[in-house]
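As stored in input-v5.cif (mmCIF, C-alpha atoms):
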```
data_run
#
loop_
_atom_site.label_atom_id
_atom_site.label_comp_id
_atom_site.auth_asym_id
_atom_site.auth_seq_id
_atom_site.Cartn_x
_atom_site.Cartn_y
_atom_site.Cartn_z
CA MET E 1 37.76 -34.81 107.72
CA ALA E 2 35.31 -31.85 108.01
CA THR E 3 31.88 -31.78 106.38
CA ASP E 4 31.42 -30.97 102.70
CA SER E 5 30.08 -27.52 103.52
CA ASP E 6 33.06 -26.73 105.73
CA LEU E 7 35.44 -27.86 103.02
CA MET E 8 33.67 -25.70 100.42
CA VAL E 9 33.91 -22.67 102.67
CA GLU E 10 37.64 -23.25 103.14
CA VAL E 11 38.50 -23.75 99.45
CA LYS E 12 36.45 -20.66 98.50
CA ARG E 13 38.28 -18.63 101.16
CA VAL E 14 41.69 -19.71 99.88
CA LYS E 15 40.67 -19.11 96.25
CA GLU E 16 39.23 -15.66 96.86
CA GLN E 17 41.85 -14.25 99.25
CA SER E 18 44.38 -13.83 96.39
CA ASP E 19 44.69 -14.21 92.65
CA LEU E 20 47.55 -16.72 92.88
CA PHE E 21 45.50 -19.79 92.00
CA ASN E 22 43.10 -20.61 89.18
CA SER E 23 41.45 -23.19 91.42
CA VAL E 24 41.72 -24.67 94.92
CA VAL E 25 40.96 -28.30 95.70
CA VAL E 26 40.77 -30.62 98.74
CA VAL E 27 41.56 -34.28 98.10
CA SER E 28 40.86 -37.01 100.68
CA ALA E 29 43.38 -39.63 101.77
CA ASP E 30 41.88 -42.15 99.30
CA GLY E 31 42.38 -39.76 96.37
CA VAL E 32 38.80 -38.50 95.97
CA ILE E 33 38.23 -34.80 95.25
CA ALA E 34 36.21 -33.67 98.29
CA ALA E 35 35.81 -29.97 97.43
CA ILE E 36 36.80 -27.57 94.66
CA ALA E 37 36.54 -23.87 93.98
CA PRO E 38 35.24 -22.50 91.73
CA GLU E 39 32.22 -24.81 91.80
CA THR E 40 31.81 -24.45 88.05
CA ILE E 41 34.45 -27.14 87.67
CA ARG E 42 32.38 -30.33 87.88
CA ILE E 43 34.88 -32.85 89.18
CA LYS E 44 33.87 -33.15 92.85
CA GLY E 45 33.81 -36.83 93.81
CA VAL E 46 36.20 -37.83 91.03
CA LYS E 47 38.96 -40.19 92.20
CA LEU E 48 42.50 -39.43 91.07
CA SER E 49 44.18 -42.35 89.36
CA GLN E 50 46.94 -41.14 87.04
CA GLU E 51 50.53 -41.22 88.36
CA ARG E 52 51.12 -37.46 87.98
CA GLU E 53 47.75 -36.71 89.60
CA LEU E 54 48.89 -38.63 92.68
CA GLN E 55 52.15 -36.67 93.28
CA SER E 56 50.84 -34.73 96.32
CA LEU E 57 48.90 -37.71 97.69
CA ASN E 58 51.99 -39.91 97.64
CA ALA E 59 54.38 -37.24 98.95
CA ARG E 60 52.37 -36.29 102.09
CA VAL E 61 54.63 -33.21 102.49
CA PRO E 62 54.34 -29.64 101.18
CA LEU E 63 54.98 -29.97 97.45
CA ILE E 64 55.13 -28.05 94.16
CA THR E 65 54.26 -30.73 91.63
CA ASP E 66 55.51 -31.33 88.14
CA PRO E 67 53.05 -30.22 85.42
CA PHE E 68 50.16 -32.65 84.74
CA ILE E 69 46.67 -32.73 83.16
CA SER E 70 43.87 -32.62 85.74
CA PRO E 71 40.63 -34.63 85.53
CA ALA E 72 39.01 -31.43 84.20
CA GLY E 73 41.51 -31.36 81.32
CA ASN E 74 43.58 -28.38 82.49
CA TYR E 75 47.40 -28.48 82.14
CA LEU E 76 48.57 -27.25 85.56
CA ILE E 77 50.99 -27.34 88.44
CA SER E 78 49.76 -27.80 91.98
CA ILE E 79 51.05 -26.29 95.23
CA SER E 80 49.82 -28.63 97.97
CA LEU E 81 49.87 -28.88 101.76
CA PRO E 82 49.07 -32.17 103.58
CA ILE E 83 46.23 -32.34 106.16
CA PHE E 84 46.62 -34.31 109.42
CA ASP E 85 44.24 -34.71 112.38
CA ASP E 86 45.23 -34.24 116.03
CA GLN E 87 46.58 -37.81 116.16
CA GLN E 88 48.72 -37.14 113.07
CA HIS E 89 46.54 -39.38 110.89
CA TYR E 90 46.81 -38.38 107.24
CA LEU E 91 43.48 -37.02 105.94
CA GLY E 92 44.50 -35.81 102.49
CA TYR E 93 45.68 -32.46 101.19
CA ILE E 94 44.63 -29.00 100.07
CA ALA E 95 46.16 -27.65 96.86
CA GLY E 96 46.17 -24.44 94.85
CA ASN E 97 46.32 -25.04 91.10
CA ILE E 98 47.94 -22.82 88.47
CA TYR E 99 46.66 -23.41 84.92
CA LEU E 100 49.70 -23.13 82.68
CA GLU E 101 47.86 -22.72 79.37
CA LYS E 102 45.45 -20.07 80.63
CA MET E 103 45.79 -16.65 82.20
CA ASN E 104 47.47 -17.10 85.60
CA PHE E 105 49.47 -15.08 88.09
CA LEU E 106 52.73 -15.97 86.31
CA THR E 107 51.55 -14.58 82.98
CA ARG E 108 50.24 -11.46 84.75
CA LEU E 109 53.53 -11.06 86.62
CA LEU E 110 55.75 -11.65 83.61
CA GLY E 111 53.52 -10.28 80.87
CA ASP E 112 55.27 -6.90 80.86
CA HIS E 113 58.60 -8.55 80.04
CA ALA E 114 57.87 -9.59 76.45
CA TYR E 115 58.83 -6.74 74.12
CA ARG E 116 58.72 -6.00 70.42
CA ASP E 117 62.54 -5.95 70.24
CA GLY E 118 62.59 -9.70 70.81
CA SER E 119 63.45 -9.79 74.51
CA TYR E 120 61.32 -12.04 76.71
CA LEU E 121 61.26 -13.93 80.01
CA TYR E 122 60.23 -17.51 80.69
CA ILE E 123 60.21 -20.08 83.51
CA VAL E 124 61.20 -23.76 83.56
CA ASP E 125 60.68 -26.31 86.31
CA LYS E 126 63.34 -28.65 87.70
CA ASN E 127 62.75 -31.08 84.82
CA ARG E 128 63.50 -28.35 82.19
CA THR E 129 59.82 -28.12 81.28
CA LEU E 130 58.51 -24.72 80.18
CA ILE E 131 55.81 -23.66 82.65
CA SER E 132 55.58 -20.02 81.52
CA HIS E 133 56.48 -18.63 78.11
CA PRO E 134 55.24 -15.79 75.86
CA GLU E 135 54.45 -18.40 73.20
CA LYS E 136 51.61 -20.37 74.80
CA ALA E 137 52.09 -23.24 72.36
CA ARG E 138 55.51 -23.97 73.86
CA ILE E 139 54.27 -24.41 77.45
CA GLY E 140 54.91 -28.00 78.49
CA GLU E 141 57.84 -28.37 76.10
CA VAL E 142 60.96 -29.99 77.60
CA ILE E 143 64.13 -28.09 76.59
CA GLU E 144 67.30 -30.18 76.35
CA ASN E 145 69.82 -28.12 74.36
CA ASN E 146 69.81 -24.72 76.08
CA ALA E 147 72.96 -23.85 78.09
CA ALA E 148 71.15 -21.33 80.31
CA ILE E 149 68.50 -23.90 81.26
CA ASN E 150 71.21 -26.48 81.90
CA LEU E 151 72.93 -24.13 84.34
CA VAL E 152 69.85 -22.79 86.12
CA SER E 153 68.56 -26.34 86.63
CA GLN E 154 71.79 -26.94 88.59
CA GLY E 155 71.05 -23.97 90.87
CA ILE E 156 73.53 -21.64 89.11
CA SER E 157 72.74 -17.99 88.37
CA GLY E 158 74.58 -15.72 85.94
CA GLY E 159 74.59 -14.40 82.41
CA ARG E 160 76.12 -15.47 79.10
CA LEU E 161 75.72 -15.62 75.33
CA VAL E 162 73.51 -18.62 74.55
CA THR E 163 72.24 -20.22 71.37
CA ASN E 164 68.67 -21.15 72.25
CA SER E 165 66.67 -24.17 71.18
CA GLN E 166 65.55 -22.24 68.08
CA ASN E 167 69.24 -21.78 67.08
CA ILE E 168 69.18 -18.01 67.79
CA GLU E 169 72.05 -16.31 69.63
CA MET E 170 70.65 -14.64 72.74
CA LEU E 171 72.13 -12.48 75.49
CA THR E 172 70.81 -14.38 78.49
CA GLY E 173 70.49 -13.88 82.23
CA TYR E 174 69.26 -16.65 84.51
CA ALA E 175 68.59 -17.31 88.20
CA PRO E 176 67.17 -20.27 90.13
CA VAL E 177 64.18 -20.14 92.50
CA ASN E 178 65.53 -22.49 95.13
CA LEU E 179 62.28 -23.07 97.03
CA SER E 180 60.38 -24.35 94.01
CA GLY E 181 63.25 -25.70 91.92
CA TRP E 182 62.22 -23.42 89.05
CA GLY E 183 64.52 -21.34 86.91
CA VAL E 184 63.81 -17.84 85.55
CA ILE E 185 65.51 -16.92 82.26
CA VAL E 186 65.43 -13.57 80.46
CA GLN E 187 66.74 -13.30 76.89
CA ARG E 188 67.30 -10.73 74.17
CA PRO E 189 68.57 -11.43 70.64
CA LYS E 190 72.23 -10.55 70.24
CA VAL E 191 71.72 -9.04 66.80
CA ARG E 192 69.10 -6.59 68.16
CA THR E 193 71.46 -5.49 70.91
CA LEU E 194 74.46 -4.92 68.66
CA GLU E 195 72.91 -3.76 65.41
CA SER E 196 73.08 -0.02 66.20
CA LEU E 197 76.51 0.05 67.86
CA ASN E 198 78.59 0.60 64.69
CA GLN E 199 76.72 3.75 63.71
CA GLN E 200 76.77 5.02 67.28
CA MET E 201 80.52 4.45 67.48
CA TRP E 202 81.16 6.41 64.27
CA ASN E 203 78.98 9.25 65.49
CA VAL E 204 80.90 9.40 68.75
CA VAL E 205 84.30 9.33 66.99
CA LEU E 206 83.43 12.02 64.43
CA THR E 207 81.89 14.28 67.06
CA SER E 208 84.65 13.96 69.63
CA LEU E 209 87.74 13.85 67.36
CA PRO E 210 88.29 17.64 66.92
CA ILE E 211 87.58 18.31 70.57
CA GLY E 212 89.86 15.44 71.58
CA ILE E 213 92.78 16.73 69.49
CA ALA E 214 92.42 20.24 70.89
CA THR E 215 92.13 18.88 74.42
CA LEU E 216 95.22 16.68 74.07
CA ALA E 217 97.27 19.59 72.70
CA SER E 218 96.21 21.80 75.61
CA ILE E 219 96.98 19.06 78.11
CA TRP E 220 100.42 18.47 76.58
CA PHE E 221 101.30 22.17 76.70
CA ALA E 222 100.03 22.62 80.26
CA ALA E 223 101.68 19.42 81.47
CA THR E 224 105.04 20.46 80.00
CA TYR E 225 104.82 23.89 81.59
CA ILE E 226 103.78 22.47 84.97
CA ALA E 227 106.27 19.60 84.93
CA LYS E 228 109.36 21.63 84.03
CA PRO E 229 110.36 22.46 87.65
CA LEU E 230 109.67 18.84 88.63
CA TRP E 231 111.83 17.59 85.75
CA GLN E 232 114.64 19.89 86.88
CA LEU E 233 114.34 18.51 90.41
CA SER E 234 114.44 14.93 89.13
CA ARG E 235 117.75 15.63 87.36
CA LEU E 236 119.30 16.47 90.72
CA VAL E 237 118.88 12.86 91.80
CA ASN E 238 121.76 11.99 89.46
CA HIS E 239 123.99 14.46 91.34
CA PHE E 240 122.85 13.48 94.82
CA GLU E 241 126.29 12.37 95.95
CA ASP E 242 127.88 15.61 94.75
CA LYS E 243 126.49 18.12 97.21
CA GLU E 244 128.15 21.16 95.62
CA ASP E 245 126.89 20.39 92.09
CA ALA E 246 123.41 19.68 93.43
CA ALA E 247 123.36 23.01 95.29
CA LEU E 248 124.31 24.86 92.09
CA GLU E 249 121.57 23.09 90.12
CA LEU E 250 118.99 23.96 92.77
CA LYS E 251 119.73 27.67 92.29
CA LYS E 252 118.87 27.35 88.58
CA ILE E 253 115.37 26.06 89.28
CA SER E 254 112.67 28.76 89.12
CA PRO E 255 109.40 27.20 90.29
CA TRP E 256 106.53 29.49 89.31
CA TYR E 257 103.71 27.92 91.32
CA PHE E 258 103.28 27.32 95.04
CA GLU E 259 103.41 23.52 95.01
CA ALA E 260 106.69 23.46 93.05
CA GLN E 261 108.15 26.09 95.38
CA GLN E 262 107.20 23.98 98.40
CA LEU E 263 108.56 20.83 96.76
CA THR E 264 111.87 22.55 95.96
CA ALA E 265 112.21 23.80 99.53
CA THR E 266 111.36 20.35 100.87
CA PHE E 267 113.89 18.75 98.53
CA ILE E 268 116.62 21.11 99.75
CA ARG E 269 115.84 20.29 103.38
CA THR E 270 115.63 16.57 102.67
CA PHE E 271 118.81 16.65 100.60
CA SER E 272 120.75 18.31 103.42
CA LEU E 273 119.26 16.00 106.05
CA MET E 274 120.03 12.86 104.04
CA SER E 275 123.58 14.01 103.30
CA ASP E 276 124.20 14.71 106.98
CA THR E 277 122.56 11.43 107.99
CA ILE E 278 124.64 9.40 105.54
CA MET E 279 127.82 11.06 106.78
CA GLN E 280 126.80 10.35 110.38
CA LEU E 281 125.97 6.72 109.60
CA HIS E 282 129.29 6.34 107.82
CA SER E 283 131.06 7.76 110.86
CA ASP E 284 129.07 5.53 113.23
CA SER E 285 129.97 2.43 111.23
CA LEU E 286 133.68 3.19 111.78
CA THR E 287 133.40 4.03 115.50
CA ASP E 288 133.09 1.80 118.55
CA PRO E 289 129.77 2.90 120.11
CA MET E 290 130.84 2.34 123.72
CA THR E 291 134.28 3.95 123.85
CA GLN E 292 133.88 6.30 120.85
CA LEU E 293 137.26 5.07 119.59
CA PHE E 294 137.87 3.91 116.03
CA ASN E 295 136.91 0.24 115.43
CA ARG E 296 138.45 -2.64 113.51
CA ARG E 297 136.51 -1.72 110.33
CA ARG E 298 138.09 1.74 110.41
CA LEU E 299 141.55 0.18 110.75
CA GLU E 300 140.95 -2.17 107.80
CA LYS E 301 139.81 0.74 105.60
CA GLU E 302 142.85 2.84 106.54
CA LEU E 303 145.59 0.20 106.20
CA ALA E 304 146.25 1.01 102.55
CA SER E 305 146.68 4.74 103.22
CA ILE E 306 148.77 4.03 106.36
CA ALA E 307 151.19 2.00 104.24
CA LEU E 308 151.83 5.10 102.08
CA ALA E 309 152.96 7.23 105.05
CA PRO E 310 156.41 8.81 104.37
CA TYR E 311 157.21 8.97 108.10
CA PRO E 312 157.93 6.34 110.78
CA LEU E 313 155.08 4.70 112.69
CA SER E 314 154.93 2.83 115.98
CA PHE E 315 152.18 0.29 116.63
CA VAL E 316 151.21 -0.28 120.27
CA PHE E 317 148.97 -3.18 121.30
CA LEU E 318 147.35 -2.67 124.74
CA ASP E 319 145.49 -5.36 126.68
CA ILE E 320 143.90 -5.08 130.15
CA ASP E 321 145.36 -7.65 132.55
CA PHE E 322 142.93 -10.17 134.02
CA PHE E 323 139.94 -8.38 132.48
CA LYS E 324 137.84 -11.55 132.49
CA LYS E 325 138.08 -11.62 136.29
CA VAL E 326 136.68 -8.08 136.38
CA ASN E 327 133.62 -9.20 134.40
CA ASP E 328 133.22 -12.36 136.46
CA ARG E 329 133.53 -10.56 139.81
CA TYR E 330 131.91 -7.19 139.21
CA GLY E 331 129.69 -7.86 136.18
CA HIS E 332 129.77 -6.71 132.59
CA ASP E 333 128.49 -3.23 133.41
CA ALA E 334 131.55 -2.64 135.56
CA GLY E 335 133.72 -4.12 132.79
CA ASP E 336 132.19 -1.72 130.26
CA GLN E 337 132.94 1.20 132.58
CA VAL E 338 136.59 0.09 132.79
CA LEU E 339 136.84 0.08 128.97
CA ILE E 340 135.36 3.58 128.80
CA GLU E 341 137.80 4.91 131.43
CA ILE E 342 140.78 3.26 129.70
CA ALA E 343 139.71 4.93 126.44
CA GLU E 344 139.42 8.31 128.17
CA LEU E 345 142.90 7.91 129.71
CA MET E 346 144.44 7.12 126.31
CA LYS E 347 142.66 10.03 124.58
CA ALA E 348 143.82 12.38 127.34
CA TYR E 349 147.39 11.04 127.17
CA TRP E 350 147.59 11.28 123.36
CA PRO E 351 145.04 14.04 122.61
CA ASP E 352 145.94 14.68 118.97
CA GLU E 353 148.81 12.71 117.53
CA ALA E 354 147.72 9.11 118.10
CA SER E 355 145.08 7.06 116.25
CA ILE E 356 143.44 4.77 118.81
CA TYR E 357 141.36 1.70 117.84
CA ARG E 358 139.37 -0.73 119.93
CA LEU E 359 139.79 -4.04 118.12
CA GLY E 360 137.42 -6.01 120.32
CA GLY E 361 137.00 -7.02 123.95
CA GLU E 362 139.76 -5.45 126.06
CA GLU E 363 142.25 -5.16 123.18
CA PHE E 364 143.34 -1.77 121.78
CA LEU E 365 145.76 -0.63 119.06
CA ILE E 366 147.50 2.76 119.10
CA ILE E 367 149.34 4.12 116.04
CA LEU E 368 151.95 6.76 116.92
CA PRO E 369 153.36 8.75 113.96
CA HIS E 370 156.76 10.49 113.80
CA ARG E 371 158.22 8.53 116.71
CA SER E 372 161.19 6.24 117.04
CA LEU E 373 160.85 2.88 118.72
CA VAL E 374 162.58 4.19 121.87
CA ASP E 375 160.33 7.25 122.10
CA SER E 376 157.25 5.10 121.61
CA GLN E 377 158.40 2.66 124.27
CA ASP E 378 159.00 5.51 126.77
CA SER E 379 155.59 7.02 125.98
CA ALA E 380 153.86 3.64 126.38
CA GLU E 381 155.65 3.07 129.69
CA ARG E 382 154.38 6.38 131.04
CA LEU E 383 150.85 5.49 129.97
CA ARG E 384 151.16 2.10 131.67
CA ARG E 385 152.14 3.79 134.95
CA THR E 386 149.30 6.31 134.58
CA ILE E 387 146.77 3.50 134.20
CA ALA E 388 148.30 1.50 137.07
CA THR E 389 147.86 4.43 139.47
CA HIS E 390 144.32 5.26 138.31
CA ARG E 391 141.48 4.12 140.56
CA PHE E 392 138.71 2.72 138.37
CA THR E 393 135.08 3.15 139.32
CA GLN E 394 133.71 0.06 141.13
CA VAL E 395 136.79 -2.16 140.59
CA GLY E 396 139.73 -0.17 142.03
CA TYR E 397 143.18 -0.55 140.47
CA LEU E 398 144.07 -2.43 137.27
CA THR E 399 147.15 -2.92 135.12
CA VAL E 400 147.74 -3.24 131.40
CA SER E 401 150.28 -5.00 129.20
CA MET E 402 151.60 -3.48 125.96
CA GLY E 403 153.53 -4.66 122.93
CA ILE E 404 155.27 -2.31 120.46
CA SER E 405 156.57 -2.70 116.91
CA PHE E 406 158.18 -0.13 114.62
CA TRP E 407 157.71 0.57 110.89
CA GLN E 408 159.23 3.02 108.48
CA GLU E 409 159.14 3.48 104.72
CA GLN E 410 162.27 1.38 104.16
CA SER E 411 161.05 -1.50 106.35
CA GLU E 412 161.11 -4.96 104.85
CA ASN E 413 157.95 -5.89 106.74
CA SER E 414 154.51 -4.83 105.51
CA ILE E 415 152.10 -2.89 107.69
CA GLU E 416 150.14 -6.08 108.39
CA GLU E 417 153.30 -7.93 109.44
CA THR E 418 154.36 -5.02 111.66
CA ILE E 419 150.97 -5.11 113.43
CA LYS E 420 151.39 -8.86 113.97
CA ARG E 421 154.82 -8.20 115.49
CA ALA E 422 153.24 -5.76 117.96
CA ASP E 423 150.74 -8.50 118.88
CA ILE E 424 153.66 -10.90 119.45
CA ALA E 425 155.34 -8.31 121.68
CA LEU E 426 152.08 -8.02 123.68
CA TYR E 427 152.04 -11.78 124.14
CA GLN E 428 155.64 -11.59 125.34
CA ALA E 429 154.70 -8.90 127.90
CA LYS E 430 151.93 -11.13 129.28
CA LYS E 431 154.27 -14.11 129.34
CA ASN E 432 156.86 -12.10 131.27
CA GLY E 433 154.45 -11.29 134.08
CA ARG E 434 152.01 -8.66 132.72
CA ASN E 435 151.92 -4.97 133.75
CA ARG E 436 154.84 -4.22 131.45
CA VAL E 437 155.83 -2.97 127.99
CA GLU E 438 157.71 -5.12 125.48
CA ALA E 439 159.05 -3.96 122.11
CA ILE E 440 160.17 -5.75 118.94
#
```

Let me see the file written as structure tokens.
Amino acid sequence: MATDSDLMVEVKRVKEQSDLFNSVVVVSADGVIAAIAPETIRIKGVKLSQERELQSLNARVPLITDPFISPAGNYLISISLPIFDDQQHYLGYIAGNIYLEKMNFLTRLLGDHAYRDGSYLYIVDKNRTLISHPEKARIGEVIENNAAINLVSQGISGGRLVTNSQNIEMLTGYAPVNLSGWGVIVQRPKVRTLESLNQQMWNVVLTSLPIGIATLASIWFAATYIAKPLWQLSRLVNHFEDKEDAALELKKISPWYFEAQQLTATFIRTFSLMSDTIMQLHSDSLTDPMTQLFNRRRLEKELASIALAPYPLSFVFLDIDFFKKVNDRYGHDAGDQVLIEIAELMKAYWPDEASIYRLGGEEFLIILPHRSLVDSQDSAERLRRTIATHRFTQVGYLTVSMGISFWQEQSENSIEETIKRADIALYQAKKNGRNRVEAI
């Protein structure tokens, strides 16, 4: 280790470069105090022997000690750093000491935080020992029954209502100092914090009550006047499905400000758009998207009204012969084109009178009103020949088979049974060689 004069120079330098420490000491590896500043403390050469005095010597690592009484009789904590030579042989340590019962940097730092209203700030170490407190007599006291200290000693920060060790309810905030293991707690008596709130609350209520009543009345009147056009618009939602009634109600609305005028105009546009969209969606749901013919759902919805018809009806089932071979040979795109052309031929052949449905795949149903069975059979035969002589895009010539059944108001069979009979007639046409019309 360096000479005594070198050690004295070093401890003086550390002591004088800041006001953090009350004293600075160098202790040799055998526990003897080799140098101390200030020199007025006459303990140079004293050997440390008490267990708490030996904390830094035994640790041989940077350390903030627990509080202990020094050989000079000062109650202190020590912040020490071990000293090693170039061969890493332990030579002792240098330590800065903070006297807890005298003026120190902690009391200077925290001194402004003790107030006449009872609020104050204090510090405990990791063993719950008070190391800084406005009441000097309590320094060194170990606190066991304080919830804030219990939490901060576990490394938890926060705030809560705490009954302190003096049985006083305190509003408390706390935070740990992780490097040192200390905890900082600030407290203020609950009764001091809350004692003036009742009077303040009454003052606020009495002052603001007349203004509040007048303000609420004005707001209610203005809100009613502003909301009237909006309320009238909201009523129209109940008549949304009745376009005519909704249009009449819209004419009764007289919006007096720009936003309501714009909202009314937007509602009218949206109302019309939604009505048209719903009608279009309804139509799309009943139409085959590829051929634009009616679909099976449309047929099912119309069966009840068809059964009430006071005139005769013929039901014609049409099926494309060997359609699977078309798909297998030419592909589904060619098959789709055949279905579209078949649909166009039927719509051109029966432009107005017939209701034509695509039931799925290559199967179609045609309902012919006001026709006898013979007339319907002749008409179907002419359509069959028209299709047979038509050259289809990509695939050439194709044939169809058709089955016909007849219904009139006095018929014993229901509409559903009559449709099944047409399907049976179609099966008979296929059985008899295809490319023909059969009637039941």

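Interatomic distance, atom CA of Phe317 of chain E against atom CA of Ala425 of chain E: 8.2 Å.
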
Chain and number of each residue from the PyMOL selection byres ((chain E and resi 162) around 7), as JSON, numbers by chain: {"E": [147, 148, 160, 161, 163, 164, 169, 170, 171, 172]}

Residue nearest Lys301 of chain E among E:Asp352, E:Gln262, E:Leu286, E:Glu362 (counting only C-alpha atoms):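 Closest to Lys301 of chain E, using only C-alpha atoms: E:Leu286.
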
Between atom CA of Lys126 of chain E and atom CA of Gly183 of chain E, distance in Å (one decimal):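 Rounded to one decimal, the two atoms are 7.4 Å apart.
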
Counting only C-alpha atoms, which residues have an atom no more than 12 Å from (58.1, -28.6, 74.9) in the file's coordinates? Please list them as a PDB file with C-alpha atoms, in the coordinates of the input.
```
ATOM      1  CA  PRO E  67      53.050 -30.220  85.420  1.00  0.00           C
ATOM      2  CA  VAL E 124      61.200 -23.760  83.560  1.00  0.00           C
ATOM      3  CA  ASP E 125      60.680 -26.310  86.310  1.00  0.00           C
ATOM      4  CA  ASN E 127      62.750 -31.080  84.820  1.00  0.00           C
ATOM      5  CA  ARG E 128      63.500 -28.350  82.190  1.00  0.00           C
ATOM      6  CA  THR E 129      59.820 -28.120  81.280  1.00  0.00           C
ATOM      7  CA  LEU E 130      58.510 -24.720  80.180  1.00  0.00           C
ATOM      8  CA  ILE E 131      55.810 -23.660  82.650  1.00  0.00           C
ATOM      9  CA  SER E 132      55.580 -20.020  81.520  1.00  0.00           C
ATOM     10  CA  HIS E 133      56.480 -18.630  78.110  1.00  0.00           C
ATOM     11  CA  GLU E 135      54.450 -18.400  73.200  1.00  0.00           C
ATOM     12  CA  LYS E 136      51.610 -20.370  74.800  1.00  0.00           C
ATOM     13  CA  ALA E 137      52.090 -23.240  72.360  1.00  0.00           C
ATOM     14  CA  ARG E 138      55.510 -23.970  73.860  1.00  0.00           C
ATOM     15  CA  ILE E 139      54.270 -24.410  77.450  1.00  0.00           C
ATOM     16  CA  GLY E 140      54.910 -28.000  78.490  1.00  0.00           C
ATOM     17  CA  GLU E 141      57.840 -28.370  76.100  1.00  0.00           C
ATOM     18  CA  VAL E 142      60.960 -29.990  77.600  1.00  0.00           C
ATOM     19  CA  ILE E 143      64.130 -28.090  76.590  1.00  0.00           C
ATOM     20  CA  GLU E 144      67.300 -30.180  76.350  1.00  0.00           C
ATOM     21  CA  ASN E 145      69.820 -28.120  74.360  1.00  0.00           C
ATOM     22  CA  SER E 165      66.670 -24.170  71.180  1.00  0.00           C
ATOM     23  CA  GLN E 166      65.550 -22.240  68.080  1.00  0.00           C
TER      24      GLN E 166
END
```

Straight-line distance linking atom CA of Gln187 of chain E with atom CA of Phe105 of chain E, stated in Å to one decimal: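 These atoms are spaced 20.7 Å apart.
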
Residue by residue, what does the PyMOL selection byres ((chain E and resi 417) around 12) grab here? Present the result as an mmCIF file with C-alpha atoms, keeping the file's coordinate frame.
```
data_model
loop_
_atom_site.group_PDB
_atom_site.id
_atom_site.type_symbol
_atom_site.label_atom_id
_atom_site.label_comp_id
_atom_site.auth_asym_id
_atom_site.auth_seq_id
_atom_site.Cartn_x
_atom_site.Cartn_y
_atom_site.Cartn_z
ATOM 1 C CA LEU E 303 145.590 0.200 106.200
ATOM 2 C CA ALA E 307 151.190 2.000 104.240
ATOM 3 C CA PHE E 315 152.180 0.290 116.630
ATOM 4 C CA SER E 405 156.570 -2.700 116.910
ATOM 5 C CA PHE E 406 158.180 -0.130 114.620
ATOM 6 C CA TRP E 407 157.710 0.570 110.890
ATOM 7 C CA SER E 411 161.050 -1.500 106.350
ATOM 8 C CA GLU E 412 161.110 -4.960 104.850
ATOM 9 C CA ASN E 413 157.950 -5.890 106.740
ATOM 10 C CA SER E 414 154.510 -4.830 105.510
ATOM 11 C CA ILE E 415 152.100 -2.890 107.690
ATOM 12 C CA GLU E 416 150.140 -6.080 108.390
ATOM 13 C CA THR E 418 154.360 -5.020 111.660
ATOM 14 C CA ILE E 419 150.970 -5.110 113.430
ATOM 15 C CA LYS E 420 151.390 -8.860 113.970
ATOM 16 C CA ARG E 421 154.820 -8.200 115.490
ATOM 17 C CA ALA E 422 153.240 -5.760 117.960
ATOM 18 C CA ASP E 423 150.740 -8.500 118.880
ATOM 19 C CA ILE E 424 153.660 -10.900 119.450
ATOM 20 C CA ILE E 440 160.170 -5.750 118.940
#
```

The PyMOL selection byres ((chain E and resi 372-388) around 9) resolved against shown file, as a PyMOL selection string: chain E and resi 312-316+342+345-346+349+368-371+389-391+397-407+435-440

Long-range neighbours of Val184 of chain E as an MDAnalysis selection string, 9 Å cut-off, all atoms listed in the file, 2 positions minimum in chain: chainID E and resid 121:124 149 152 173:177 182 186

Residue with smallest distance to Tyr357 of chain E - pool E:Leu48, E:Ala429, E:Val25, E:Leu293, counting only C-alpha atoms: E:Leu293

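Each of E:Met8, E:Pro189, E:Gly73, E:Gly158 was compared to Glu101 of chain E using only C-alpha atoms, and E:Gly73 turns out to be the nearest.
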
Completed segment 415-421 of chain E (N, CA and C atoms) as a JSON list (two decimals), in the coordinates of the input:
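Dumped to out-v2.json:
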```json
[["chain", "number", "residue", "atom", "x", "y", "z"],
["E", 415, "ILE", "N", 152.86, -3.42, 106.55],
["E", 415, "ILE", "CA", 152.10, -2.89, 107.69],
["E", 415, "ILE", "C", 151.43, -4.03, 108.45],
["E", 416, "GLU", "N", 150.82, -4.97, 107.73],
["E", 416, "GLU", "CA", 150.14, -6.08, 108.39],
["E", 416, "GLU", "C", 151.11, -6.90, 109.23],
["E", 417, "GLU", "N", 152.30, -7.16, 108.69],
["E", 417, "GLU", "CA", 153.30, -7.93, 109.44],
["E", 417, "GLU", "C", 153.78, -7.16, 110.66],
["E", 418, "THR", "N", 153.92, -5.85, 110.53],
["E", 418, "THR", "CA", 154.36, -5.02, 111.66],
["E", 418, "THR", "C", 153.32, -5.06, 112.78],
["E", 419, "ILE", "N", 152.03, -5.02, 112.41],
["E", 419, "ILE", "CA", 150.97, -5.11, 113.43],
["E", 419, "ILE", "C", 151.02, -6.47, 114.12],
["E", 420, "LYS", "N", 151.27, -7.53, 113.36],
["E", 420, "LYS", "CA", 151.39, -8.86, 113.97],
["E", 420, "LYS", "C", 152.57, -8.92, 114.94],
["E", 421, "ARG", "N", 153.65, -8.21, 114.61],
["E", 421, "ARG", "CA", 154.82, -8.20, 115.49],
["E", 421, "ARG", "C", 154.49, -7.49, 116.81]]
```
